[in-house]
Amino acid sequence: MAKRIDVSGLTAYYSAHKAIDDISMTVEPRSVTAFIGPSGCGKSTFLRTLNRMHEVTPGGRVEGKVLLDDEDLYGSGVDPVAVRSTIGMVFQRPNPFPTMSIFDNVAAGLRLNGSYKKAELADVVEKSLKGANLWNEVKDRLNKPGSGLSGGQQQRLCIARAIAVEPQVLLMDEPCSALDPISTLAIEDLIGELKERFTIVIVTHNMQQAARVSDRTAFFNLSAVGQPGKLIEIDETERIFSNPSVQATEDYISGRFG
Amino acid sequence: MSHAVVTDKRPSTLRGASLPKWFAWATAAGSLALAVGIGLAAGLHSKVQWGLIASILFVLGTYVISAKVEGPRQAKDRVATSVVWVAFLLAVVPLVSLVWTTVSRGVKVLDGYFLTHSMGVVADDEVGGGIYHAILGTAQQVGLATLIGAPIGVLTAIYLVEYGRGKLAKSVTFFVDVMTGIPSIVAGLFILSLMLMLDMSYFGFAGSLALAILMMPVVVRSTEEMLKLVPNELREASLALGVPKWRTILKVVVPTSLGGITTGIMLAVARIAGETAPILLLVFGGNFINSNPFEGPQQALPLYIYQQYGAGSSAGYDRAWAASLVLIAIVMILNLAARGIARWKAPKAAGR
């Protein structure tokens, strides 16, 4: 199921602007890797290069290699659509499809890909909603619109939608930043359960969250506004938060910067 | 304001003198009475002149009185409000009078017989006859035009919003803008020149082609605006699920904006249903029922109105007004249907 990601020499651009510069790292399978760093340092951009969502933005392009178990995502002949169904994504703001019911939202990935058996669909939806800890809250109203749920429920609905297509890797772009602490806790618990099955990468501004949920943490920084973001270091979360090897990391984590 | 000597006579600095609520109505009534007086005294016969004098008096009177009593700031506020009201009335008066005239003159001959019979056995100056052939023609011509214009328009808009980059998209946008301004007679002449080249004679579908040309830019514009309203997050959510772009557009983007797109198409249909010039050039009209839009002249409602009015008989006038009423009713029903569809298809946020 879960796969390892090897990034080497990755540089991403928005038209002429270089957003991230020469990033290399390894994301271990069946673990949670957290990205932390100041705003604008390219965490989200880097995350989006991992499932080829970066190039959806007009002018977005990428140099370098991203290996998913030895297969280069940016190799010639690789279908970005196939990449995205292998590496799922959860966004900052919950974005259920407004025209679809809760059931249809979870089934969307399978239905829209056109590859599913009708009989299995209900099972997959139930399994995914249970996997996202949402089943008990919505099992009686699967036909109601997904936009009628609370923010935290909507975000778990989006997670259910993402895991319904059985990806190898799950990318989360600040999944809790629009949620209250209780919903955040629910998502964090969920991340702990999901890492048994998926490789998870999470971008977060909340350092306590990174410390709580992740096994490894990567710190990104930029030398000045307008300069490309760089990976400063990546290590075991415990080491990053107790005894980082780079001074800049310690400054950022302890709030001493600028 | 401080501990210095207060020269202000008012008891409170927050409350100023204000005019009563009926002030606006009183000023309106007063200026109307004054305008009638002036009109009669000066021997002006036109009611329009009376109305304009009353409007000017109303705005001026509001300002002068309010500035005296309430101060200049409130006076400006009241002037702005009264200008809005005057503008509203100026806009509504012609509309109401148009509907009133059409209804009062149109109901004279409007009945079941009128709707279900043609002009086949009735001379233009005789009483009787009907508009069945014209309704049939309009329905077929507009229906065919919609079948051509709406899909092309919607697809063009999808191209412009979802795919269009660079020079091609820019030139398409430019030409759509140019097409919006094409006079209907020019669209008619364009099709007519094709017909002459192909040595063809009047038929309903030729009119449909011209109407489709007129309809397309309207559909493109409205659909484009609706597609732009779809949040980008929804597209990204779908793409991130591994859904191909074309399916994302088909299953997520278009359904989300379907209500707005339908409204746009309906409004475009309503617009072309009233076109006369291309029908006159290409379909020619006629008094007989012709249910085949691909052969022989057909009638259409706007052209029927024109021809009946042009016939000059009182029976013709009555028929023209009744047909106008039917045309307005059809357009209004289409508009209401569009609103209904938009409300029905709009993404629902409720449902907890």
# chains A, B, ... in the order shown; residues from 1 in each chain; ligands from 1
>>> closest_atom_pairs(of="chain B", to="chain A", cutoff="10 Å", atoms="only C-alpha atoms", output="Markdown table")
| residue | atom | partner | partner_atom | distance |
| --- | --- | --- | --- | --- |
| B:Arg165 | CA | A:Pro58 | CA | 9.1 |
| B:Pro231 | CA | A:Asn95 | CA | 9.3 |
| B:Asn232 | CA | A:Asn95 | CA | 9.9 |
| B:Glu233 | CA | A:Asn95 | CA | 6.5 |
| B:Leu234 | CA | A:Asn95 | CA | 6.2 |
| B:Arg235 | CA | A:Phe97 | CA | 9.4 |
| B:Glu236 | CA | A:Met53 | CA | 7.8 |
| B:Ala237 | CA | A:Asn95 | CA | 7.0 |
| B:Ser238 | CA | A:Gly109 | CA | 7.5 |
| B:Leu239 | CA | A:Arg84 | CA | 7.2 |
| B:Ala240 | CA | A:Arg84 | CA | 5.3 |
| B:Leu241 | CA | A:Ser85 | CA | 5.4 |
| B:Gly242 | CA | A:Ser85 | CA | 4.0 |
| B:Val243 | CA | A:Asn113 | CA | 5.5 |
| B:Pro244 | CA | A:Val81 | CA | 5.9 |
| B:Lys245 | CA | A:Val81 | CA | 8.5 |
| B:Arg247 | CA | A:Leu112 | CA | 6.6 |
| B:Thr248 | CA | A:Leu112 | CA | 7.6 |
| B:Leu250 | CA | A:Leu112 | CA | 9.5 |
| B:Lys251 | CA | A:Leu112 | CA | 7.3 |
| B:Val252 | CA | A:Phe97 | CA | 7.1 |
| B:Val253 | CA | A:Phe97 | CA | 9.4 |
| B:Pro255 | CA | A:Thr99 | CA | 6.8 |
| B:Thr256 | CA | A:Thr99 | CA | 5.9 |
| B:Ser257 | CA | A:Thr99 | CA | 9.3 |
| B:Leu258 | CA | A:Thr99 | CA | 9.9 |
| B:Lys345 | CA | A:Thr99 | CA | 8.5 |
| B:Ala346 | CA | A:Thr99 | CA | 8.0 |
| B:Pro347 | CA | A:Thr99 | CA | 5.1 |
| B:Lys348 | CA | A:Pro145 | CA | 6.9 |
| B:Ala349 | CA | A:Ser147 | CA | 5.4 |
| B:Ala350 | CA | A:Gly148 | CA | 5.3 |
| B:Gly351 | CA | A:Gly148 | CA | 5.5 |
| B:Arg352 | CA | A:Gly148 | CA | 5.3 |
>>> select_by_dssp(residues="region 2-129 of chain B", states="helix (DSSP H, G or I)", output="number ranges by chain")
B: 23-42, 47-69, 72-106, 112-116
>>> write_last_selection(atoms="C-alpha atoms", output="PDB file, in the first residue's frame")
ATOM      1  CA  PHE B  23     -42.096  65.286   4.440  1.00  0.00           C
ATOM      2  CA  ALA B  24     -41.093  63.402   1.285  1.00  0.00           C
ATOM      3  CA  TRP B  25     -44.717  62.581   0.422  1.00  0.00           C
ATOM      4  CA  ALA B  26     -45.827  66.110   1.160  1.00  0.00           C
ATOM      5  CA  THR B  27     -43.095  67.552  -1.063  1.00  0.00           C
ATOM      6  CA  ALA B  28     -44.033  65.136  -3.834  1.00  0.00           C
ATOM      7  CA  ALA B  29     -47.712  66.038  -3.600  1.00  0.00           C
ATOM      8  CA  GLY B  30     -46.911  69.731  -3.370  1.00  0.00           C
ATOM      9  CA  SER B  31     -44.571  69.723  -6.368  1.00  0.00           C
ATOM     10  CA  LEU B  32     -47.122  67.733  -8.374  1.00  0.00           C
ATOM     11  CA  ALA B  33     -49.874  70.227  -7.560  1.00  0.00           C
ATOM     12  CA  LEU B  34     -47.568  73.105  -8.383  1.00  0.00           C
ATOM     13  CA  ALA B  35     -46.549  71.461 -11.666  1.00  0.00           C
ATOM     14  CA  VAL B  36     -50.203  71.031 -12.672  1.00  0.00           C
ATOM     15  CA  GLY B  37     -50.795  74.656 -11.811  1.00  0.00           C
ATOM     16  CA  ILE B  38     -47.825  75.832 -13.830  1.00  0.00           C
ATOM     17  CA  GLY B  39     -48.799  73.542 -16.703  1.00  0.00           C
ATOM     18  CA  LEU B  40     -52.361  74.884 -16.834  1.00  0.00           C
ATOM     19  CA  ALA B  41     -51.238  78.465 -16.463  1.00  0.00           C
ATOM     20  CA  ALA B  42     -48.640  78.165 -19.219  1.00  0.00           C
ATOM     21  CA  LYS B  47     -48.609  65.341 -19.487  1.00  0.00           C
ATOM     22  CA  VAL B  48     -44.954  64.457 -19.977  1.00  0.00           C
ATOM     23  CA  GLN B  49     -44.015  68.086 -19.511  1.00  0.00           C
ATOM     24  CA  TRP B  50     -46.100  68.224 -16.354  1.00  0.00           C
ATOM     25  CA  GLY B  51     -44.325  65.175 -15.012  1.00  0.00           C
ATOM     26  CA  LEU B  52     -40.874  66.568 -15.755  1.00  0.00           C
ATOM     27  CA  ILE B  53     -41.722  69.903 -14.111  1.00  0.00           C
ATOM     28  CA  ALA B  54     -43.012  68.019 -11.057  1.00  0.00           C
ATOM     29  CA  SER B  55     -39.802  65.938 -10.895  1.00  0.00           C
ATOM     30  CA  ILE B  56     -37.571  68.994 -11.021  1.00  0.00           C
ATOM     31  CA  LEU B  57     -39.693  70.813  -8.441  1.00  0.00           C
ATOM     32  CA  PHE B  58     -39.604  67.749  -6.192  1.00  0.00           C
ATOM     33  CA  VAL B  59     -35.819  67.481  -6.224  1.00  0.00           C
ATOM     34  CA  LEU B  60     -35.270  71.258  -5.836  1.00  0.00           C
ATOM     35  CA  GLY B  61     -37.949  71.605  -3.168  1.00  0.00           C
ATOM     36  CA  THR B  62     -36.536  68.721  -1.153  1.00  0.00           C
ATOM     37  CA  TYR B  63     -33.113  70.321  -1.177  1.00  0.00           C
ATOM     38  CA  VAL B  64     -34.185  73.850  -0.321  1.00  0.00           C
ATOM     39  CA  ILE B  65     -36.515  72.891   2.531  1.00  0.00           C
ATOM     40  CA  SER B  66     -34.214  70.251   3.965  1.00  0.00           C
ATOM     41  CA  ALA B  67     -31.156  72.524   3.786  1.00  0.00           C
ATOM     42  CA  LYS B  68     -33.075  75.201   5.683  1.00  0.00           C
ATOM     43  CA  VAL B  69     -34.334  72.903   8.419  1.00  0.00           C
ATOM     44  CA  PRO B  72     -26.676  70.772   4.103  1.00  0.00           C
ATOM     45  CA  ARG B  73     -25.558  67.181   4.761  1.00  0.00           C
ATOM     46  CA  GLN B  74     -29.065  65.846   5.337  1.00  0.00           C
ATOM     47  CA  ALA B  75     -30.255  67.900   2.385  1.00  0.00           C
ATOM     48  CA  LYS B  76     -27.749  66.165   0.098  1.00  0.00           C
ATOM     49  CA  ASP B  77     -28.860  62.820   1.450  1.00  0.00           C
ATOM     50  CA  ARG B  78     -32.501  63.649   0.778  1.00  0.00           C
ATOM     51  CA  VAL B  79     -31.678  64.899  -2.735  1.00  0.00           C
ATOM     52  CA  ALA B  80     -29.879  61.654  -3.511  1.00  0.00           C
ATOM     53  CA  THR B  81     -32.860  59.673  -2.266  1.00  0.00           C
ATOM     54  CA  SER B  82     -35.348  61.760  -4.235  1.00  0.00           C
ATOM     55  CA  VAL B  83     -33.251  61.521  -7.408  1.00  0.00           C
ATOM     56  CA  VAL B  84     -33.279  57.742  -7.037  1.00  0.00           C
ATOM     57  CA  TRP B  85     -37.059  57.797  -6.678  1.00  0.00           C
ATOM     58  CA  VAL B  86     -37.540  60.077  -9.668  1.00  0.00           C
ATOM     59  CA  ALA B  87     -35.247  57.892 -11.775  1.00  0.00           C
ATOM     60  CA  PHE B  88     -37.146  54.816 -10.643  1.00  0.00           C
ATOM     61  CA  LEU B  89     -40.471  56.349 -11.618  1.00  0.00           C
ATOM     62  CA  LEU B  90     -39.119  57.543 -14.971  1.00  0.00           C
ATOM     63  CA  ALA B  91     -37.994  53.976 -15.651  1.00  0.00           C
ATOM     64  CA  VAL B  92     -41.194  52.337 -14.474  1.00  0.00           C
ATOM     65  CA  VAL B  93     -43.705  54.638 -16.159  1.00  0.00           C
ATOM     66  CA  PRO B  94     -42.934  53.523 -19.741  1.00  0.00           C
ATOM     67  CA  LEU B  95     -42.793  49.889 -18.665  1.00  0.00           C
ATOM     68  CA  VAL B  96     -46.154  49.983 -16.928  1.00  0.00           C
ATOM     69  CA  SER B  97     -47.739  51.958 -19.723  1.00  0.00           C
ATOM     70  CA  LEU B  98     -46.380  49.464 -22.275  1.00  0.00           C
ATOM     71  CA  VAL B  99     -47.780  46.492 -20.407  1.00  0.00           C
ATOM     72  CA  TRP B 100     -51.056  48.313 -19.785  1.00  0.00           C
ATOM     73  CA  THR B 101     -51.496  49.308 -23.435  1.00  0.00           C
ATOM     74  CA  THR B 102     -50.626  45.847 -24.682  1.00  0.00           C
ATOM     75  CA  VAL B 103     -52.960  44.099 -22.268  1.00  0.00           C
ATOM     76  CA  SER B 104     -55.887  46.470 -22.715  1.00  0.00           C
ATOM     77  CA  ARG B 105     -55.693  46.401 -26.510  1.00  0.00           C
ATOM     78  CA  GLY B 106     -54.561  42.815 -26.794  1.00  0.00           C
ATOM     79  CA  GLY B 112     -58.888  30.082 -27.859  1.00  0.00           C
ATOM     80  CA  TYR B 113     -59.894  30.516 -31.490  1.00  0.00           C
ATOM     81  CA  PHE B 114     -57.224  33.172 -32.025  1.00  0.00           C
ATOM     82  CA  LEU B 115     -54.512  30.900 -30.620  1.00  0.00           C
ATOM     83  CA  THR B 116     -55.487  27.830 -32.631  1.00  0.00           C
TER      84      THR B 116
END
>>> closest_residue(among="B:Asp111, B:Glu275, B:Glu224, B:Asp125", to="Thr173 (chain B)", atoms="only C-alpha atoms")
B:Glu224
>>> atom_distance(atom1="CA of Pro244 (chain A)", atom2="CA of Glu196 (chain A)")
26.9 Å
>>> select_by_dssp(residues="region 99-219 of chain A", states="strand (DSSP E or B)", output="number ranges by chain")
A: 101, 145, 169-173, 199-203, 216-219
>>> atom_distance(atom1="CA of Val27 (chain A)", atom2="CA of Leu67 (chain A)")
10.2 Å
>>> atom_distance(atom1="CA of Met226 (chain B)", atom2="CA of Met332 (chain B)")
22.2 Å
>>> closest_residue(among="B:Arg221, B:Lys228, B:His133, B:Lys167", to="Asn290 (chain B)", atoms="only C-alpha atoms")
B:His133
>>> residues_around(residues="region 126-132 of chain B", least_positions_apart="4", cutoff="10 Å", atoms="only C-alpha atoms", output="PDB file with C-alpha atoms, in the first residue's frame")
ATOM      1  CA  VAL B 109     -59.486  39.408 -29.847  1.00  0.00           C
ATOM      2  CA  LEU B 110     -57.382  37.080 -27.738  1.00  0.00           C
ATOM      3  CA  ASP B 111     -59.223  33.797 -27.195  1.00  0.00           C
ATOM      4  CA  GLY B 112     -58.888  30.082 -27.859  1.00  0.00           C
ATOM      5  CA  TYR B 113     -59.894  30.516 -31.490  1.00  0.00           C
ATOM      6  CA  PHE B 114     -57.224  33.172 -32.025  1.00  0.00           C
ATOM      7  CA  LEU B 115     -54.512  30.900 -30.620  1.00  0.00           C
ATOM      8  CA  THR B 116     -55.487  27.830 -32.631  1.00  0.00           C
ATOM      9  CA  HIS B 117     -56.234  29.215 -36.111  1.00  0.00           C
ATOM     10  CA  SER B 118     -54.140  30.694 -38.875  1.00  0.00           C
ATOM     11  CA  MET B 119     -54.827  33.560 -41.264  1.00  0.00           C
ATOM     12  CA  GLY B 120     -55.325  31.145 -44.145  1.00  0.00           C
ATOM     13  CA  VAL B 121     -58.945  32.035 -45.015  1.00  0.00           C
ATOM     14  CA  VAL B 122     -59.049  35.566 -43.657  1.00  0.00           C
ATOM     15  CA  LEU B 136     -45.707  27.423 -34.566  1.00  0.00           C
ATOM     16  CA  GLY B 137     -43.129  29.226 -36.719  1.00  0.00           C
ATOM     17  CA  THR B 138     -41.588  31.114 -33.799  1.00  0.00           C
ATOM     18  CA  ASN B 287     -50.758  33.445 -43.746  1.00  0.00           C
ATOM     19  CA  PHE B 288     -50.725  29.668 -43.872  1.00  0.00           C
ATOM     20  CA  ILE B 289     -49.678  26.985 -41.473  1.00  0.00           C
ATOM     21  CA  GLN B 299     -44.649  33.014 -40.147  1.00  0.00           C
ATOM     22  CA  ALA B 300     -43.234  34.207 -36.821  1.00  0.00           C
ATOM     23  CA  LEU B 301     -44.834  36.299 -34.091  1.00  0.00           C
ATOM     24  CA  TYR B 304     -46.874  38.765 -37.863  1.00  0.00           C
ATOM     25  CA  ILE B 305     -47.247  41.800 -35.609  1.00  0.00           C
ATOM     26  CA  SER B 313     -57.219  47.798 -40.952  1.00  0.00           C
ATOM     27  CA  SER B 314     -58.744  47.976 -37.487  1.00  0.00           C
ATOM     28  CA  ALA B 315     -59.055  44.164 -37.433  1.00  0.00           C
ATOM     29  CA  GLY B 316     -55.333  44.009 -38.247  1.00  0.00           C
ATOM     30  CA  ASP B 318     -56.444  44.233 -32.950  1.00  0.00           C
ATOM     31  CA  ARG B 319     -54.670  41.110 -34.122  1.00  0.00           C
ATOM     32  CA  ALA B 320     -51.273  42.827 -33.893  1.00  0.00           C
ATOM     33  CA  ALA B 322     -53.176  40.434 -29.327  1.00  0.00           C
ATOM     34  CA  ALA B 323     -50.106  38.837 -30.923  1.00  0.00           C
ATOM     35  CA  VAL B 326     -48.901  36.611 -26.643  1.00  0.00           C
TER      36      VAL B 326
END
>>> residues_around(residues="Cys41 (chain A)", least_positions_apart="4", cutoff="10 Å", atoms="only C-alpha atoms", output="PDB file with N, CA and C atoms, in the first residue's frame")
ATOM      1  N   ALA A  19       9.991  29.500  -6.821  1.00  0.00           N
ATOM      2  CA  ALA A  19       9.310  29.432  -5.521  1.00  0.00           C
ATOM      3  C   ALA A  19      10.084  28.575  -4.527  1.00  0.00           C
ATOM      4  N   ILE A  20      10.614  27.437  -4.965  1.00  0.00           N
ATOM      5  CA  ILE A  20      11.434  26.607  -4.089  1.00  0.00           C
ATOM      6  C   ILE A  20      12.674  26.164  -4.857  1.00  0.00           C
ATOM      7  N   ILE A  36       7.129  22.265   8.331  1.00  0.00           N
ATOM      8  CA  ILE A  36       6.881  23.521   9.025  1.00  0.00           C
ATOM      9  C   ILE A  36       7.765  24.611   8.435  1.00  0.00           C
ATOM     10  N   GLY A  37       7.427  25.850   8.753  1.00  0.00           N
ATOM     11  CA  GLY A  37       8.193  26.973   8.228  1.00  0.00           C
ATOM     12  C   GLY A  37       7.311  28.194   8.091  1.00  0.00           C
ATOM     13  N   THR A  45       3.739  24.768  -1.929  1.00  0.00           N
ATOM     14  CA  THR A  45       4.183  24.567  -3.310  1.00  0.00           C
ATOM     15  C   THR A  45       4.898  23.231  -3.440  1.00  0.00           C
ATOM     16  N   PHE A  46       5.802  22.955  -2.469  1.00  0.00           N
ATOM     17  CA  PHE A  46       6.534  21.698  -2.518  1.00  0.00           C
ATOM     18  C   PHE A  46       5.566  20.520  -2.407  1.00  0.00           C
ATOM     19  N   PHE A 219      11.954  21.344   8.102  1.00  0.00           N
ATOM     20  CA  PHE A 219      11.841  22.783   8.312  1.00  0.00           C
ATOM     21  C   PHE A 219      12.244  23.514   7.043  1.00  0.00           C
ATOM     22  N   PHE A 220      11.353  24.362   6.550  1.00  0.00           N
ATOM     23  CA  PHE A 220      11.609  25.161   5.358  1.00  0.00           C
ATOM     24  C   PHE A 220      11.799  26.607   5.776  1.00  0.00           C
ATOM     25  N   ASN A 221      12.628  27.314   5.016  1.00  0.00           N
ATOM     26  CA  ASN A 221      12.789  28.731   5.315  1.00  0.00           C
ATOM     27  C   ASN A 221      13.154  29.459   4.041  1.00  0.00           C
ATOM     28  N   LEU A 222      13.063  30.786   4.072  1.00  0.00           N
ATOM     29  CA  LEU A 222      13.513  31.569   2.928  1.00  0.00           C
ATOM     30  C   LEU A 222      14.396  32.697   3.451  1.00  0.00           C
ATOM     31  N   SER A 223      15.404  33.029   2.673  1.00  0.00           N
ATOM     32  CA  SER A 223      16.379  33.999   3.184  1.00  0.00           C
ATOM     33  C   SER A 223      15.792  35.403   3.222  1.00  0.00           C
ATOM     34  N   ALA A 224      14.897  35.731   2.275  1.00  0.00           N
ATOM     35  CA  ALA A 224      14.251  37.037   2.283  1.00  0.00           C
ATOM     36  C   ALA A 224      12.971  36.927   1.474  1.00  0.00           C
ATOM     37  N   VAL A 225      12.074  37.880   1.663  1.00  0.00           N
ATOM     38  CA  VAL A 225      10.828  37.859   0.898  1.00  0.00           C
ATOM     39  C   VAL A 225      11.151  37.982  -0.584  1.00  0.00           C
ATOM     40  N   GLY A 226      10.516  37.130  -1.403  1.00  0.00           N
ATOM     41  CA  GLY A 226      10.790  37.147  -2.828  1.00  0.00           C
ATOM     42  C   GLY A 226      11.869  36.158  -3.226  1.00  0.00           C
ATOM     43  N   GLN A 227      12.658  35.680  -2.226  1.00  0.00           N
ATOM     44  CA  GLN A 227      13.669  34.661  -2.510  1.00  0.00           C
ATOM     45  C   GLN A 227      12.991  33.291  -2.486  1.00  0.00           C
ATOM     46  N   PRO A 228      13.543  32.324  -3.212  1.00  0.00           N
ATOM     47  CA  PRO A 228      12.947  30.988  -3.183  1.00  0.00           C
ATOM     48  C   PRO A 228      13.088  30.330  -1.810  1.00  0.00           C
ATOM     49  N   GLY A 229      12.100  29.479  -1.470  1.00  0.00           N
ATOM     50  CA  GLY A 229      12.148  28.749  -0.212  1.00  0.00           C
ATOM     51  C   GLY A 229      13.129  27.593  -0.307  1.00  0.00           C
ATOM     52  N   LYS A 230      13.736  27.253   0.850  1.00  0.00           N
ATOM     53  CA  LYS A 230      14.705  26.162   0.865  1.00  0.00           C
ATOM     54  C   LYS A 230      14.408  25.214   2.011  1.00  0.00           C
ATOM     55  N   LEU A 231      14.809  23.972   1.823  1.00  0.00           N
ATOM     56  CA  LEU A 231      14.701  23.013   2.921  1.00  0.00           C
ATOM     57  C   LEU A 231      15.912  23.220   3.823  1.00  0.00           C
TER      58      LEU A 231
END
>>> residues_around(residues="Ala16 (chain A)", least_positions_apart="2", cutoff="10 Å", atoms="only C-alpha atoms", output="JSON, numbers by chain")
{"A": [12, 13, 14, 18, 19, 59, 60, 61]}
>>> write_last_selection(atoms="all heavy atoms", output="short mmCIF file (atom, residue, chain, number, x, y, z; two decimals), in the first residue's frame")
data_model
loop_
_atom_site.label_atom_id
_atom_site.label_comp_id
_atom_site.auth_asym_id
_atom_site.auth_seq_id
_atom_site.Cartn_x
_atom_site.Cartn_y
_atom_site.Cartn_z
N ALA A 12 10.86 24.49 -8.18
CA ALA A 12 9.55 24.78 -8.78
C ALA A 12 9.43 26.27 -9.06
O ALA A 12 9.95 27.10 -8.31
CB ALA A 12 8.42 24.34 -7.83
N TYR A 13 8.78 26.57 -10.16
CA TYR A 13 8.63 27.96 -10.60
C TYR A 13 7.15 28.32 -10.75
O TYR A 13 6.32 27.46 -11.07
CB TYR A 13 9.28 28.18 -11.97
CG TYR A 13 10.76 27.90 -12.02
CD1 TYR A 13 11.23 26.62 -12.24
CD2 TYR A 13 11.67 28.94 -11.87
CE1 TYR A 13 12.58 26.36 -12.30
CE2 TYR A 13 13.02 28.70 -11.94
CZ TYR A 13 13.48 27.40 -12.15
OH TYR A 13 14.82 27.17 -12.22
N TYR A 14 6.83 29.59 -10.50
CA TYR A 14 5.59 30.19 -10.99
C TYR A 14 6.01 31.15 -12.08
O TYR A 14 6.54 32.22 -11.79
CB TYR A 14 4.86 30.94 -9.88
CG TYR A 14 4.26 30.05 -8.83
CD1 TYR A 14 4.86 29.89 -7.59
CD2 TYR A 14 3.08 29.36 -9.08
CE1 TYR A 14 4.31 29.06 -6.62
CE2 TYR A 14 2.51 28.53 -8.12
CZ TYR A 14 3.13 28.39 -6.90
OH TYR A 14 2.58 27.58 -5.95
N LYS A 18 11.04 31.84 -9.06
CA LYS A 18 11.45 30.56 -8.47
C LYS A 18 10.87 30.48 -7.07
O LYS A 18 11.18 31.32 -6.22
CB LYS A 18 12.97 30.50 -8.44
CG LYS A 18 13.50 29.10 -8.17
CD LYS A 18 14.97 29.14 -7.86
CE LYS A 18 15.83 28.94 -9.11
NZ LYS A 18 17.27 28.84 -8.75
N ALA A 19 9.99 29.50 -6.82
CA ALA A 19 9.31 29.43 -5.52
C ALA A 19 10.08 28.58 -4.53
O ALA A 19 10.19 28.93 -3.36
CB ALA A 19 7.90 28.89 -5.69
N GLY A 59 1.33 28.71 -15.40
CA GLY A 59 2.73 29.13 -15.26
C GLY A 59 3.55 28.25 -14.35
O GLY A 59 4.76 28.45 -14.22
N GLY A 60 2.90 27.29 -13.70
CA GLY A 60 3.64 26.44 -12.77
C GLY A 60 4.46 25.39 -13.51
O GLY A 60 3.96 24.70 -14.40
N ARG A 61 5.78 25.27 -13.18
CA ARG A 61 6.57 24.19 -13.76
C ARG A 61 7.63 23.74 -12.77
O ARG A 61 7.92 24.43 -11.79
CB ARG A 61 7.18 24.61 -15.10
CG ARG A 61 8.24 25.63 -15.00
CD ARG A 61 8.45 26.30 -16.35
NE ARG A 61 9.10 27.57 -16.14
CZ ARG A 61 10.42 27.70 -15.98
NH1 ARG A 61 11.20 26.64 -16.06
NH2 ARG A 61 10.94 28.87 -15.74
#
>>> closest_residue(among="B:Gly71, B:Pro297, B:Pro278, B:Gly16", to="Pro183 (chain B)", atoms="only C-alpha atoms")
B:Pro278
>>> decode(residues="region 299-321 of chain B", atoms="C-alpha atoms", output="CSV table (one decimal), in the first residue's frame")
chain,number,residue,atom,x,y,z
B,299,GLN,CA,-44.6,33.0,-40.1
B,300,ALA,CA,-43.2,34.2,-36.8
B,301,LEU,CA,-44.8,36.3,-34.1
B,302,PRO,CA,-42.8,39.5,-34.4
B,303,LEU,CA,-43.2,39.5,-38.2
B,304,TYR,CA,-46.9,38.8,-37.9
B,305,ILE,CA,-47.2,41.8,-35.6
B,306,TYR,CA,-45.4,44.0,-38.1
B,307,GLN,CA,-47.4,42.7,-41.1
B,308,GLN,CA,-50.8,43.0,-39.3
B,309,TYR,CA,-50.0,46.5,-38.2
B,310,GLY,CA,-48.8,47.4,-41.6
B,311,ALA,CA,-52.1,46.1,-43.1
B,312,GLY,CA,-53.8,49.2,-41.7
B,313,SER,CA,-57.2,47.8,-41.0
B,314,SER,CA,-58.7,48.0,-37.5
B,315,ALA,CA,-59.1,44.2,-37.4
B,316,GLY,CA,-55.3,44.0,-38.2
B,317,TYR,CA,-54.5,46.4,-35.4
B,318,ASP,CA,-56.4,44.2,-32.9
B,319,ARG,CA,-54.7,41.1,-34.1
B,320,ALA,CA,-51.3,42.8,-33.9
B,321,TRP,CA,-51.9,43.9,-30.3
